[in-house]
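File shown: query_3.cif. Contents: mmCIF, C-alpha atoms.
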```
data_protein
#
loop_
_atom_site.label_atom_id
_atom_site.label_comp_id
_atom_site.auth_asym_id
_atom_site.auth_seq_id
_atom_site.Cartn_x
_atom_site.Cartn_y
_atom_site.Cartn_z
CA MET T 1 -48.44 -172.54 -29.61
CA LEU T 2 -49.52 -168.93 -29.31
CA PRO T 3 -47.46 -166.91 -26.76
CA TRP T 4 -50.46 -166.15 -24.55
CA LYS T 5 -51.31 -169.85 -24.34
CA ARG T 6 -47.75 -170.67 -23.30
CA ALA T 7 -47.90 -167.95 -20.66
CA LEU T 8 -51.04 -169.42 -19.13
CA ARG T 9 -49.65 -172.92 -18.66
CA PRO T 10 -48.19 -172.32 -15.15
CA LEU T 11 -51.45 -170.77 -13.99
CA ALA T 12 -53.40 -173.67 -15.42
CA ALA T 13 -51.12 -176.12 -13.65
CA LEU T 14 -51.69 -174.30 -10.37
CA LEU T 15 -55.45 -174.47 -10.73
CA LEU T 16 -55.40 -178.08 -11.89
CA THR T 17 -53.43 -179.01 -8.79
CA ALA T 18 -56.03 -177.34 -6.60
CA ALA T 19 -58.81 -179.19 -8.35
CA ALA T 20 -57.12 -182.57 -8.69
CA VAL T 21 -56.20 -183.03 -5.05
CA THR T 22 -59.85 -182.81 -4.07
CA VAL T 23 -60.69 -185.97 -6.01
CA PRO T 24 -60.77 -188.92 -3.57
CA ALA T 25 -58.02 -191.46 -4.13
CA THR T 26 -58.63 -195.07 -3.26
CA THR T 27 -55.48 -196.95 -4.18
CA ALA T 28 -52.52 -194.89 -2.98
CA GLN T 29 -51.53 -194.82 0.65
CA ALA T 30 -49.75 -192.09 2.56
CA ALA T 31 -46.08 -192.73 2.99
CA GLY T 32 -45.09 -194.00 6.40
CA ALA T 33 -41.91 -193.31 8.32
CA PRO T 34 -39.03 -195.66 7.62
CA ASP T 35 -38.57 -198.38 10.21
CA SER T 36 -34.80 -197.93 10.12
CA GLY T 37 -32.43 -195.07 9.56
CA TRP T 38 -34.24 -191.88 10.41
CA ASN T 39 -37.34 -191.52 12.60
CA ASP T 40 -35.62 -193.81 15.08
CA TYR T 41 -37.11 -192.76 18.41
CA SER T 42 -34.44 -194.70 20.30
CA CYS T 43 -31.76 -192.41 18.85
CA LYS T 44 -29.99 -190.30 21.47
CA PRO T 45 -28.13 -187.20 20.32
CA SER T 46 -24.35 -187.33 20.72
CA ALA T 47 -22.07 -184.78 22.32
CA ALA T 48 -20.92 -183.83 18.81
CA HIS T 49 -24.49 -183.34 17.58
CA PRO T 50 -26.60 -182.66 20.67
CA ARG T 51 -29.73 -181.54 18.85
CA PRO T 52 -32.03 -183.81 16.82
CA VAL T 53 -32.83 -182.60 13.31
CA VAL T 54 -36.46 -182.31 12.21
CA LEU T 55 -37.02 -182.33 8.44
CA VAL T 56 -40.10 -180.54 7.10
CA HIS T 57 -41.20 -181.45 3.57
CA GLY T 58 -42.58 -179.06 0.97
CA THR T 59 -45.97 -178.64 -0.68
CA LEU T 60 -47.13 -181.89 -2.30
CA GLY T 61 -44.32 -183.72 -0.51
CA ASN T 62 -44.28 -186.22 2.33
CA SER T 63 -42.04 -187.33 5.17
CA VAL T 64 -40.24 -189.99 3.13
CA ASP T 65 -39.90 -189.00 -0.51
CA ASN T 66 -38.74 -185.45 0.20
CA TRP T 67 -35.85 -186.73 2.30
CA LEU T 68 -34.50 -189.83 0.58
CA GLY T 69 -31.32 -187.86 -0.10
CA LEU T 70 -30.78 -185.54 2.86
CA ALA T 71 -31.96 -187.77 5.72
CA PRO T 72 -29.39 -190.54 5.09
CA TYR T 73 -26.73 -187.86 4.43
CA LEU T 74 -27.27 -186.43 7.92
CA LYS T 75 -27.83 -189.79 9.58
CA VAL T 76 -24.47 -191.17 8.45
CA ARG T 77 -22.84 -188.04 9.86
CA GLY T 78 -24.11 -188.82 13.32
CA TYR T 79 -27.36 -186.87 13.60
CA CYS T 80 -30.64 -188.11 15.04
CA VAL T 81 -32.99 -187.33 12.17
CA PHE T 82 -36.79 -187.15 12.16
CA SER T 83 -39.41 -186.16 9.60
CA LEU T 84 -43.15 -185.59 9.76
CA ASP T 85 -46.16 -185.50 7.50
CA TYR T 86 -48.25 -182.34 7.78
CA GLY T 87 -50.94 -180.44 5.95
CA GLN T 88 -52.94 -183.52 4.97
CA LEU T 89 -56.27 -183.10 3.21
CA GLU T 90 -59.06 -185.63 3.71
CA GLY T 91 -59.11 -188.19 0.93
CA VAL T 92 -55.74 -187.10 -0.45
CA PRO T 93 -53.01 -189.61 0.40
CA PHE T 94 -49.30 -189.28 -0.21
CA PHE T 95 -49.36 -185.61 -1.34
CA HIS T 96 -49.28 -183.46 1.77
CA GLY T 97 -48.51 -179.87 2.72
CA LEU T 98 -51.80 -178.64 1.24
CA GLY T 99 -53.74 -177.63 4.35
CA PRO T 100 -53.71 -174.18 5.97
CA VAL T 101 -50.17 -173.22 6.91
CA LYS T 102 -51.18 -172.13 10.41
CA LYS T 103 -52.65 -175.56 11.12
CA SER T 104 -49.55 -177.21 9.71
CA ALA T 105 -47.40 -175.14 12.06
CA GLY T 106 -49.39 -176.58 14.96
CA GLN T 107 -48.67 -180.08 13.69
CA LEU T 108 -44.97 -179.22 13.58
CA LYS T 109 -45.10 -177.99 17.16
CA ASP T 110 -46.65 -181.26 18.34
CA PHE T 111 -44.07 -183.28 16.41
CA VAL T 112 -41.13 -181.32 17.81
CA ASP T 113 -42.50 -181.86 21.31
CA GLU T 114 -42.59 -185.60 20.65
CA VAL T 115 -39.03 -185.62 19.35
CA LEU T 116 -37.69 -183.63 22.28
CA THR T 117 -39.46 -185.91 24.75
CA ALA T 118 -38.14 -189.05 23.06
CA THR T 119 -34.56 -187.86 22.69
CA GLY T 120 -34.26 -185.93 25.92
CA ALA T 121 -32.83 -182.94 24.04
CA ALA T 122 -33.59 -179.39 25.09
CA GLU T 123 -33.72 -178.01 21.55
CA THR T 124 -33.94 -179.20 17.98
CA ASP T 125 -32.75 -177.92 14.63
CA VAL T 126 -35.27 -177.69 11.79
CA VAL T 127 -34.50 -178.09 8.09
CA GLY T 128 -37.27 -177.47 5.58
CA HIS T 129 -37.72 -177.47 1.83
CA SER T 130 -40.00 -174.96 0.06
CA GLN T 131 -43.11 -174.46 2.24
CA GLY T 132 -41.26 -176.54 4.83
CA GLY T 133 -38.64 -173.81 5.12
CA MET T 134 -41.23 -171.08 5.60
CA MET T 135 -43.98 -172.74 7.67
CA PRO T 136 -41.74 -173.31 10.74
CA ARG T 137 -41.36 -169.55 11.05
CA TYR T 138 -45.01 -169.35 12.11
CA TYR T 139 -44.29 -171.95 14.79
CA LEU T 140 -41.23 -169.96 15.91
CA LYS T 141 -43.05 -166.63 15.96
CA PHE T 142 -46.49 -167.47 17.28
CA LEU T 143 -46.50 -170.97 18.81
CA GLY T 144 -43.54 -170.84 21.17
CA GLY T 145 -41.09 -172.54 18.84
CA ALA T 146 -38.29 -170.09 19.57
CA ASP T 147 -37.80 -171.84 22.91
CA GLU T 148 -37.47 -175.25 21.24
CA VAL T 149 -35.54 -174.54 18.04
CA HIS T 150 -31.89 -173.57 17.86
CA ALA T 151 -31.58 -173.17 14.09
CA LEU T 152 -33.86 -173.09 11.05
CA VAL T 153 -32.41 -173.97 7.65
CA GLY T 154 -34.60 -173.29 4.63
CA ILE T 155 -33.89 -174.86 1.24
CA ALA T 156 -35.65 -172.78 -1.44
CA PRO T 157 -38.18 -171.56 1.16
CA SER T 158 -41.30 -169.58 0.29
CA ASN T 159 -40.56 -166.96 2.94
CA HIS T 160 -42.18 -164.06 1.11
CA GLY T 161 -44.38 -166.09 -1.18
CA THR T 162 -44.21 -166.70 -4.89
CA ASP T 163 -45.60 -164.99 -7.95
CA LEU T 164 -44.81 -168.02 -10.18
CA ASN T 165 -42.88 -165.75 -12.52
CA GLY T 166 -45.73 -163.27 -12.45
CA PHE T 167 -48.51 -165.69 -13.28
CA THR T 168 -50.32 -165.37 -9.95
CA LYS T 169 -51.07 -161.80 -10.95
CA LEU T 170 -53.46 -163.28 -13.50
CA LEU T 171 -55.68 -164.87 -10.83
CA PRO T 172 -58.05 -161.86 -10.64
CA TYR T 173 -58.77 -162.28 -14.34
CA PHE T 174 -60.13 -165.81 -13.80
CA PRO T 175 -63.38 -165.59 -11.81
CA GLY T 176 -63.39 -168.05 -8.95
CA ALA T 177 -59.76 -169.07 -9.35
CA ALA T 178 -58.59 -167.51 -6.08
CA ASP T 179 -61.55 -169.01 -4.23
CA LEU T 180 -60.74 -172.42 -5.71
CA LEU T 181 -57.21 -172.23 -4.33
CA SER T 182 -58.30 -171.01 -0.90
CA LYS T 183 -61.03 -173.62 -0.51
CA ASN T 184 -59.39 -176.69 -1.99
CA THR T 185 -55.68 -176.16 -1.34
CA PRO T 186 -55.26 -173.49 1.35
CA ALA T 187 -51.47 -173.82 1.49
CA LEU T 188 -51.16 -172.78 -2.14
CA ALA T 189 -53.23 -169.67 -1.50
CA ASP T 190 -51.25 -168.90 1.66
CA GLN T 191 -48.01 -168.91 -0.35
CA VAL T 192 -49.08 -166.51 -3.08
CA THR T 193 -47.18 -163.25 -2.82
CA GLY T 194 -49.21 -160.71 -0.87
CA SER T 195 -51.49 -163.21 0.87
CA ALA T 196 -53.02 -162.34 4.22
CA PHE T 197 -51.11 -165.18 5.82
CA LEU T 198 -47.74 -163.90 4.61
CA ALA T 199 -48.58 -160.37 5.68
CA GLU T 200 -49.21 -161.67 9.20
CA LEU T 201 -46.11 -163.88 9.22
CA ASN T 202 -43.72 -161.16 8.12
CA ALA T 203 -45.21 -158.22 10.01
CA GLY T 204 -42.76 -156.81 12.51
CA GLY T 205 -39.75 -158.58 11.00
CA ASP T 206 -38.75 -161.88 9.51
CA THR T 207 -36.98 -163.39 12.51
CA VAL T 208 -37.31 -163.96 16.23
CA PRO T 209 -34.51 -163.63 18.79
CA GLY T 210 -32.54 -166.70 19.78
CA VAL T 211 -32.82 -168.63 16.51
CA ARG T 212 -30.15 -168.89 13.80
CA TYR T 213 -31.50 -168.74 10.26
CA THR T 214 -29.97 -170.02 7.04
CA VAL T 215 -31.58 -169.73 3.61
CA ILE T 216 -30.17 -171.66 0.65
CA ALA T 217 -31.60 -170.45 -2.66
CA THR T 218 -30.95 -171.26 -6.31
CA ARG T 219 -31.14 -168.71 -9.06
CA TYR T 220 -32.82 -171.35 -11.24
CA ASP T 221 -35.83 -171.72 -8.95
CA GLU T 222 -38.97 -171.85 -11.05
CA VAL T 223 -41.42 -172.36 -8.18
CA VAL T 224 -40.60 -169.74 -5.54
CA THR T 225 -40.08 -166.62 -7.63
CA PRO T 226 -38.43 -164.24 -7.70
CA TRP T 227 -35.76 -166.31 -5.99
CA ARG T 228 -34.56 -163.37 -3.90
CA SER T 229 -37.96 -163.41 -2.16
CA GLN T 230 -36.70 -166.47 -0.31
CA TYR T 231 -34.14 -164.43 1.61
CA LEU T 232 -34.71 -163.26 5.16
CA SER T 233 -33.72 -160.03 6.87
CA GLY T 234 -32.75 -159.71 10.50
CA PRO T 235 -30.20 -160.74 13.10
CA ASP T 236 -28.56 -164.17 12.91
CA VAL T 237 -29.51 -164.63 9.25
CA ARG T 238 -27.27 -166.10 6.57
CA ASN T 239 -28.60 -166.01 3.03
CA VAL T 240 -26.74 -168.28 0.59
CA LEU T 241 -27.03 -168.51 -3.19
CA LEU T 242 -26.21 -172.02 -4.39
CA GLN T 243 -24.42 -170.73 -7.49
CA ASP T 244 -22.06 -168.68 -5.31
CA LEU T 245 -20.91 -171.99 -3.84
CA CYS T 246 -20.81 -173.88 -7.15
CA PRO T 247 -21.29 -171.73 -10.26
CA VAL T 248 -22.03 -174.71 -12.50
CA ASP T 249 -24.77 -176.12 -10.24
CA LEU T 250 -27.99 -176.01 -12.28
CA SER T 251 -30.35 -177.38 -9.64
CA GLU T 252 -33.80 -175.85 -9.67
CA HIS T 253 -36.42 -175.85 -6.90
CA VAL T 254 -37.09 -179.59 -6.60
CA ALA T 255 -33.56 -180.86 -7.21
CA ALA T 256 -32.11 -178.47 -4.64
CA GLY T 257 -34.08 -180.16 -1.88
CA LEU T 258 -34.14 -183.74 -3.09
CA LEU T 259 -30.83 -184.48 -4.78
CA ASP T 260 -28.19 -181.81 -4.51
CA ARG T 261 -25.25 -182.82 -2.31
CA VAL T 262 -23.74 -179.36 -2.60
CA VAL T 263 -26.89 -178.13 -0.85
CA PHE T 264 -26.65 -180.99 1.65
CA HIS T 265 -23.09 -180.01 2.52
CA GLU T 266 -24.16 -176.44 3.18
CA VAL T 267 -27.05 -177.71 5.34
CA ALA T 268 -24.53 -179.66 7.41
CA ASN T 269 -22.42 -176.51 7.76
CA ALA T 270 -25.45 -174.58 8.97
CA LEU T 271 -26.26 -177.25 11.54
CA ASP T 272 -22.70 -177.35 12.87
CA PRO T 273 -20.92 -174.09 11.99
CA GLY T 274 -18.10 -174.87 14.40
CA ARG T 275 -17.03 -177.78 12.17
CA ALA T 276 -17.99 -176.20 8.85
CA THR T 277 -15.80 -176.75 5.81
CA PRO T 278 -15.98 -174.78 2.55
CA THR T 279 -18.81 -175.80 0.27
CA THR T 280 -17.70 -176.09 -3.35
CA CYS T 281 -18.63 -178.06 -6.45
CA LEU T 282 -16.46 -180.88 -5.07
CA SER T 283 -18.88 -181.18 -2.14
CA ALA T 284 -21.11 -183.15 -4.49
CA PHE T 285 -18.67 -186.05 -4.18
CA GLU T 286 -18.24 -186.05 -0.40
#
```
As structure tokens, what does this structure read like?
Amino acid sequence: MLPWKRALRPLAALLLTAAAVTVPATTAQAAGAPDSGWNDYSCKPSAAHPRPVVLVHGTLGNSVDNWLGLAPYLKVRGYCVFSLDYGQLEGVPFFHGLGPVKKSAGQLKDFVDEVLTATGAAETDVVGHSQGGMMPRYYLKFLGGADEVHALVGIAPSNHGTDLNGFTKLLPYFPGAADLLSKNTPALADQVTGSAFLAELNAGGDTVPGVRYTVIATRYDEVVTPWRSQYLSGPDVRNVLLQDLCPVDLSEHVAAGLLDRVVFHEVANALDPGRATPTTCLSAFE
């Protein structure tokens, strides 16, 4: 394959995603919340873990599949765990997180309110993967979330957008490509480095007072690039590189959120720093 054709493959995949999700699907159904384990609205937070944990999936994810690893990991450790679906597009089941990020942040606000009412807790902790680690920051900054959230943990979050290894810079050379993204999959357009949404989100600083922030990134991330763009600046921020915890961990963007128990251990540390234990390669077996 010619080098220029290989270089265009990520851009083509991006545009195909935008086009494909607009085709009505008739057989698949959106994933529902599990009827046991997490999303148990009778769960009452314990003295050890007084805040419920809300899990926020990434782009093209949903409330179940994104959390088949982390939700049970936290549940067995005594947390009340909840997850939501957000960013749904009409006629597109199962694959969510595609609608405008601002609208999705409003859905998160409503969901957190429901969780707090059901559990009786005053605050929640939020853990998100990819877009799910970035989108809650809009809720914190503009929708009153700072009064309801104690900590935000982002796993490979798109905090400052992505250039897809530079390929988004090619969008101007494809007439109509940017409009296709904005119209059909607004969340993808919102997460491109330099978007108007990201400029608004990050203006005046990355953080808001009263919230603790943790970012867990992997140097092998192929989706949110460059990976350092995931990091936040500001008070009460801890930026963590996965390979500093376990040098031989090769997890990329998807695996970091779905499968990696080294990441899960560090999430648990971020949720309960008073009981934190060192995260190492051996954490994968805990």
Glu114 in chain T: which residues within 12 Å, counting only C-alpha atoms, same-chain residues fewer than 5 positions away excluded, as a list of chain:residue names?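 Near neighbours after the sequence-gap exclusion: T:Asn39, T:Tyr41, T:Pro52, T:Val54, T:Phe82, T:Ser83, T:Leu84, T:Gln107, T:Leu108, T:Lys109, T:Thr119, T:Gly120, T:Ala121, T:Ala122, T:Glu123, T:Thr124, T:Glu148.
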Using only C-alpha atoms, which residues sit within 10 Å of Ser195 in chain T once same-chain residues fewer than 6 positions away are excluded, as an NGL selection string? :T and (160-162 or 189 or 201)
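Taking CA of Val224 in chain T and CA of Tyr79 in chain T as endpoints, the distance between them is 28.9 Å.
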CA of Val149 in chain T to CA of Gly210 in chain T, distance in Å rounded to a single decimal: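 A separation of 8.6 Å between them.
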Applying the PyMOL selection byres ((chain T and resi 53) around 10) to the file I just gave you, which residues come out? Please list them as a list of chain:residue names.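 Taken on the displayed file, the PyMOL selection byres ((chain T and resi 53) around 10) yields the residues T:Trp38, T:Pro45, T:His49, T:Pro50, T:Arg51, T:Pro52, T:Val54, T:Leu55, T:Val56, T:Ala71, T:Leu74, T:Lys75, T:Tyr79, T:Cys80, T:Val81, T:Phe82, T:Ser83, T:Val112, T:Val115, T:Glu123, T:Thr124, T:Asp125, T:Val126, T:Val127, T:Val149, T:Ala151, T:Leu152, T:Leu271.
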Output for the residues just chosen: C-alpha atoms as a PDB file, in the frame of the given file:
```pdb
ATOM      1  CA  TRP T  38     -34.240-191.880  10.410  1.00  0.00           C
ATOM      2  CA  PRO T  45     -28.130-187.200  20.320  1.00  0.00           C
ATOM      3  CA  HIS T  49     -24.490-183.340  17.580  1.00  0.00           C
ATOM      4  CA  PRO T  50     -26.600-182.660  20.670  1.00  0.00           C
ATOM      5  CA  ARG T  51     -29.730-181.540  18.850  1.00  0.00           C
ATOM      6  CA  PRO T  52     -32.030-183.810  16.820  1.00  0.00           C
ATOM      7  CA  VAL T  54     -36.460-182.310  12.210  1.00  0.00           C
ATOM      8  CA  LEU T  55     -37.020-182.330   8.440  1.00  0.00           C
ATOM      9  CA  VAL T  56     -40.100-180.540   7.100  1.00  0.00           C
ATOM     10  CA  ALA T  71     -31.960-187.770   5.720  1.00  0.00           C
ATOM     11  CA  LEU T  74     -27.270-186.430   7.920  1.00  0.00           C
ATOM     12  CA  LYS T  75     -27.830-189.790   9.580  1.00  0.00           C
ATOM     13  CA  TYR T  79     -27.360-186.870  13.600  1.00  0.00           C
ATOM     14  CA  CYS T  80     -30.640-188.110  15.040  1.00  0.00           C
ATOM     15  CA  VAL T  81     -32.990-187.330  12.170  1.00  0.00           C
ATOM     16  CA  PHE T  82     -36.790-187.150  12.160  1.00  0.00           C
ATOM     17  CA  SER T  83     -39.410-186.160   9.600  1.00  0.00           C
ATOM     18  CA  VAL T 112     -41.130-181.320  17.810  1.00  0.00           C
ATOM     19  CA  VAL T 115     -39.030-185.620  19.350  1.00  0.00           C
ATOM     20  CA  GLU T 123     -33.720-178.010  21.550  1.00  0.00           C
ATOM     21  CA  THR T 124     -33.940-179.200  17.980  1.00  0.00           C
ATOM     22  CA  ASP T 125     -32.750-177.920  14.630  1.00  0.00           C
ATOM     23  CA  VAL T 126     -35.270-177.690  11.790  1.00  0.00           C
ATOM     24  CA  VAL T 127     -34.500-178.090   8.090  1.00  0.00           C
ATOM     25  CA  VAL T 149     -35.540-174.540  18.040  1.00  0.00           C
ATOM     26  CA  ALA T 151     -31.580-173.170  14.090  1.00  0.00           C
ATOM     27  CA  LEU T 152     -33.860-173.090  11.050  1.00  0.00           C
ATOM     28  CA  LEU T 271     -26.260-177.250  11.540  1.00  0.00           C
TER      29      LEU T 271
END
```
Care to translate the PyMOL selection byres ((chain T and resi 63-69) around 10) into actual residues of this file, as number ranges by chain? T: 30-34, 38-39, 55-62, 70-74, 82-86, 94-96, 128-129, 254, 257-261, 264
Across T:Leu241, T:Met134, T:Ala270, T:Val215, the smallest distance to His150 in chain T, with all atoms listed in the file counted, is shown by T:Ala270
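CA of His265 in chain T is positioned 23.1 Å from CA of Pro235 in chain T.
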Please provide as a ChimeraX atom specification all residues within 10 Å of Pro226 in chain T, with the sequence filter that same-chain residues fewer than 5 positions apart are discarded (counting only C-alpha atoms). /T:160-166,219-221
Just to be explicit: take each residue in the selection above, keep C-alpha atoms, and write the result as a PDB file, in the frame of the given file.
```pdb
ATOM      1  CA  HIS T 160     -42.180-164.060   1.110  1.00  0.00           C
ATOM      2  CA  GLY T 161     -44.380-166.090  -1.180  1.00  0.00           C
ATOM      3  CA  THR T 162     -44.210-166.700  -4.890  1.00  0.00           C
ATOM      4  CA  ASP T 163     -45.600-164.990  -7.950  1.00  0.00           C
ATOM      5  CA  LEU T 164     -44.810-168.020 -10.180  1.00  0.00           C
ATOM      6  CA  ASN T 165     -42.880-165.750 -12.520  1.00  0.00           C
ATOM      7  CA  GLY T 166     -45.730-163.270 -12.450  1.00  0.00           C
ATOM      8  CA  ARG T 219     -31.140-168.710  -9.060  1.00  0.00           C
ATOM      9  CA  TYR T 220     -32.820-171.350 -11.240  1.00  0.00           C
ATOM     10  CA  ASP T 221     -35.830-171.720  -8.950  1.00  0.00           C
TER      11      ASP T 221
END
```
Which residue out of T:Ala118, T:Val263, T:Tyr138, T:Phe285 has the minimum interatomic distance to Asp40 in chain T when all atoms listed in the file are used? T:Ala118
Have range 126-138 of chain T completed to N, CA and C atoms, please, and pass it along as a short mmCIF file (atom, residue, chain, number, x, y, z; two decimals), keeping the file's coordinate frame.
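The result, stored in result22.cif:
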```
data_model
loop_
_atom_site.label_atom_id
_atom_site.label_comp_id
_atom_site.auth_asym_id
_atom_site.auth_seq_id
_atom_site.Cartn_x
_atom_site.Cartn_y
_atom_site.Cartn_z
N VAL T 126 -34.24 -177.41 12.80
CA VAL T 126 -35.27 -177.69 11.79
C VAL T 126 -34.71 -177.36 10.41
N VAL T 127 -34.90 -178.30 9.48
CA VAL T 127 -34.50 -178.09 8.09
C VAL T 127 -35.73 -178.32 7.23
N GLY T 128 -36.06 -177.35 6.41
CA GLY T 128 -37.27 -177.47 5.58
C GLY T 128 -37.02 -177.11 4.14
N HIS T 129 -37.81 -177.73 3.26
CA HIS T 129 -37.72 -177.47 1.83
C HIS T 129 -39.00 -176.77 1.38
N SER T 130 -38.86 -175.66 0.64
CA SER T 130 -40.00 -174.96 0.06
C SER T 130 -40.94 -174.46 1.17
N GLN T 131 -42.22 -174.85 1.15
CA GLN T 131 -43.11 -174.46 2.24
C GLN T 131 -42.54 -174.90 3.58
N GLY T 132 -41.83 -176.03 3.60
CA GLY T 132 -41.26 -176.54 4.83
C GLY T 132 -40.16 -175.68 5.41
N GLY T 133 -39.61 -174.77 4.61
CA GLY T 133 -38.64 -173.81 5.12
C GLY T 133 -39.27 -172.54 5.62
N MET T 134 -40.50 -172.28 5.19
CA MET T 134 -41.23 -171.08 5.60
C MET T 134 -42.18 -171.36 6.76
N MET T 135 -42.95 -172.44 6.67
CA MET T 135 -43.98 -172.74 7.67
C MET T 135 -43.44 -172.76 9.10
N PRO T 136 -42.23 -173.31 9.36
CA PRO T 136 -41.74 -173.31 10.74
C PRO T 136 -41.59 -171.92 11.34
N ARG T 137 -41.48 -170.91 10.51
CA ARG T 137 -41.36 -169.55 11.05
C ARG T 137 -42.63 -169.13 11.78
N TYR T 138 -43.78 -169.65 11.37
CA TYR T 138 -45.01 -169.35 12.11
C TYR T 138 -44.95 -170.02 13.48
#
```
